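Have a look at the structure below, then the notes.
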Amino acid sequence: MLTTPAFAQAAAGGDTNSMLMSLLPFALIFVIMYFLILRPQQKKVKDHAELVKNIRRGDTVVTSGGLVGKVTKVVDDDQIEFEISDGVRVRQMRQMISGVRAKGEPAKEKAEIAKDETSAS
């Protein structure tokens, strides 16, 4: 035989340390994947949810389909209505908004409008 009995006996014995070292590359790949792929994706989803939540009347928005329009009405928590041209209004799901180009001023309350009109006269 070409192999010695001592060499064959050493190879047959299982060592806990060698098993740990064989699993180490898989754990390292998982950690690298978490920091390079999963964390940035979670941050991006969180930022988009915050952007969608803060849409209000007067904002100029861009949809995921490429339409650009000015928000005329916030219908509810799921939908907004925006104007893409004079007299052309479209309802859109909030989650389909990909970006806000320009933030509008907050809508005036009815009491503020009445106060402004009386002070202007």
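Identifiers for the structure tokens are assigned positionally: chains receive A, B, ... in sequence, residues are indexed from 1 per chain, and ligands are indexed from 1 in the order shown.
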If you take only C-alpha atoms and a cut-off of 7 Å, which residues of region 39-67 of chain A touch region 85-96 of chain A, and what are their nearest atom pairs and distances in Å to one decimal, in chain and number order, as JSON lines?
{"residue": "A:Val52", "atom": "CA", "partner": "A:Arg94", "partner_atom": "CA", "distance": 6.0}
{"residue": "A:Thr63", "atom": "CA", "partner": "A:Met96", "partner_atom": "CA", "distance": 5.9}
{"residue": "A:Ser64", "atom": "CA", "partner": "A:Met96", "partner_atom": "CA", "distance": 5.5}
Per-residue DSSP, region 28-74 of chain A, filtered to strand (DSSP E), as a PyMOL selection string | chain A and resi 60-63+68-74
Which of region 32-105 of chain A counts as helix (DSSP H, G or I) under DSSP, as a compact mmCIF listing (two decimals) with C-alpha atoms, in the first residue's frame please?
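Written file, selection.txt:
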# COMPACT_ATOMS: atom_id res chain seq x y z
CA ILE A 32 -21.16 40.23 3.93
CA MET A 33 -24.48 39.70 2.15
CA TYR A 34 -26.36 41.25 5.07
CA PHE A 35 -24.26 44.43 5.08
CA LEU A 36 -24.04 44.84 1.30
CA ILE A 37 -27.57 43.83 0.25
CA LEU A 38 -30.12 43.49 3.04
CA ARG A 39 -29.39 46.58 5.18
CA PRO A 40 -29.35 49.07 2.28
CA GLN A 41 -32.58 47.56 0.92
CA GLN A 42 -34.29 47.88 4.32
CA LYS A 43 -33.15 51.50 4.57
CA LYS A 44 -34.48 52.22 1.08
CA VAL A 45 -37.89 50.72 1.92
CA LYS A 46 -38.04 52.72 5.15
CA ASP A 47 -37.16 55.98 3.34
CA HIS A 48 -39.83 55.33 0.66
CA ALA A 49 -42.48 54.64 3.31
CA GLU A 50 -41.59 57.93 5.03
CA LEU A 51 -41.72 59.81 1.70
CA VAL A 52 -45.14 58.38 0.84
CA LYS A 53 -46.50 59.09 4.31
CA ARG A 94 -49.57 56.22 -2.64
CA GLN A 95 -47.20 53.27 -2.88
CA MET A 96 -46.81 53.87 -6.62
Contacts of Thr72 (chain A) at 10 Å or less, counting only C-alpha atoms, minus same-chain residues fewer than 5 places along, as a list in words?
->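 Within the cut-off, the hits are Arg56, Arg57, Gly58, Asp59, Thr60, Ile80, Glu81, Phe82, Glu83, Arg89, Val90 and Arg91 of chain A.
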Go ahead and write the selection's residues with N, CA, C and O atoms as a tab-separated table (two decimals), in the first residue's frame.
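So result38.tsv came out as:
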chain	number	residue	atom	x	y	z
A	56	ARG	N	-48.40	65.66	0.71
A	56	ARG	CA	-49.55	66.51	1.04
A	56	ARG	C	-49.92	67.35	-0.18
A	56	ARG	O	-49.21	67.33	-1.20
A	57	ARG	N	-51.01	68.07	-0.06
A	57	ARG	CA	-51.51	68.86	-1.17
A	57	ARG	C	-50.49	69.93	-1.57
A	57	ARG	O	-49.88	70.56	-0.73
A	58	GLY	N	-50.30	70.09	-2.87
A	58	GLY	CA	-49.36	71.08	-3.37
A	58	GLY	C	-48.01	70.49	-3.76
A	58	GLY	O	-47.22	71.15	-4.43
A	59	ASP	N	-47.73	69.26	-3.36
A	59	ASP	CA	-46.46	68.62	-3.72
A	59	ASP	C	-46.47	68.23	-5.19
A	59	ASP	O	-47.50	67.84	-5.73
A	60	THR	N	-45.33	68.33	-5.84
A	60	THR	CA	-45.18	67.82	-7.19
A	60	THR	C	-44.57	66.43	-7.08
A	60	THR	O	-43.49	66.27	-6.52
A	80	ILE	N	-54.04	59.18	-3.44
A	80	ILE	CA	-53.96	60.63	-3.61
A	80	ILE	C	-54.56	60.97	-4.97
A	80	ILE	O	-54.69	60.11	-5.83
A	81	GLU	N	-54.93	62.22	-5.13
A	81	GLU	CA	-55.42	62.70	-6.41
A	81	GLU	C	-54.47	63.80	-6.85
A	81	GLU	O	-54.15	64.70	-6.07
A	82	PHE	N	-54.00	63.73	-8.09
A	82	PHE	CA	-53.11	64.77	-8.57
A	82	PHE	C	-53.47	65.17	-9.98
A	82	PHE	O	-54.13	64.44	-10.71
A	83	GLU	N	-53.07	66.37	-10.33
A	83	GLU	CA	-53.42	66.97	-11.62
A	83	GLU	C	-52.20	66.88	-12.54
A	83	GLU	O	-51.12	67.37	-12.21
A	89	ARG	N	-57.40	65.23	-13.75
A	89	ARG	CA	-57.01	64.73	-12.43
A	89	ARG	C	-57.01	63.21	-12.43
A	89	ARG	O	-57.87	62.58	-13.02
A	90	VAL	N	-56.03	62.66	-11.74
A	90	VAL	CA	-55.83	61.22	-11.70
A	90	VAL	C	-55.71	60.78	-10.25
A	90	VAL	O	-55.08	61.46	-9.44
A	91	ARG	N	-56.32	59.63	-9.93
A	91	ARG	CA	-56.13	59.04	-8.61
A	91	ARG	C	-55.03	57.99	-8.70
A	91	ARG	O	-54.97	57.23	-9.66
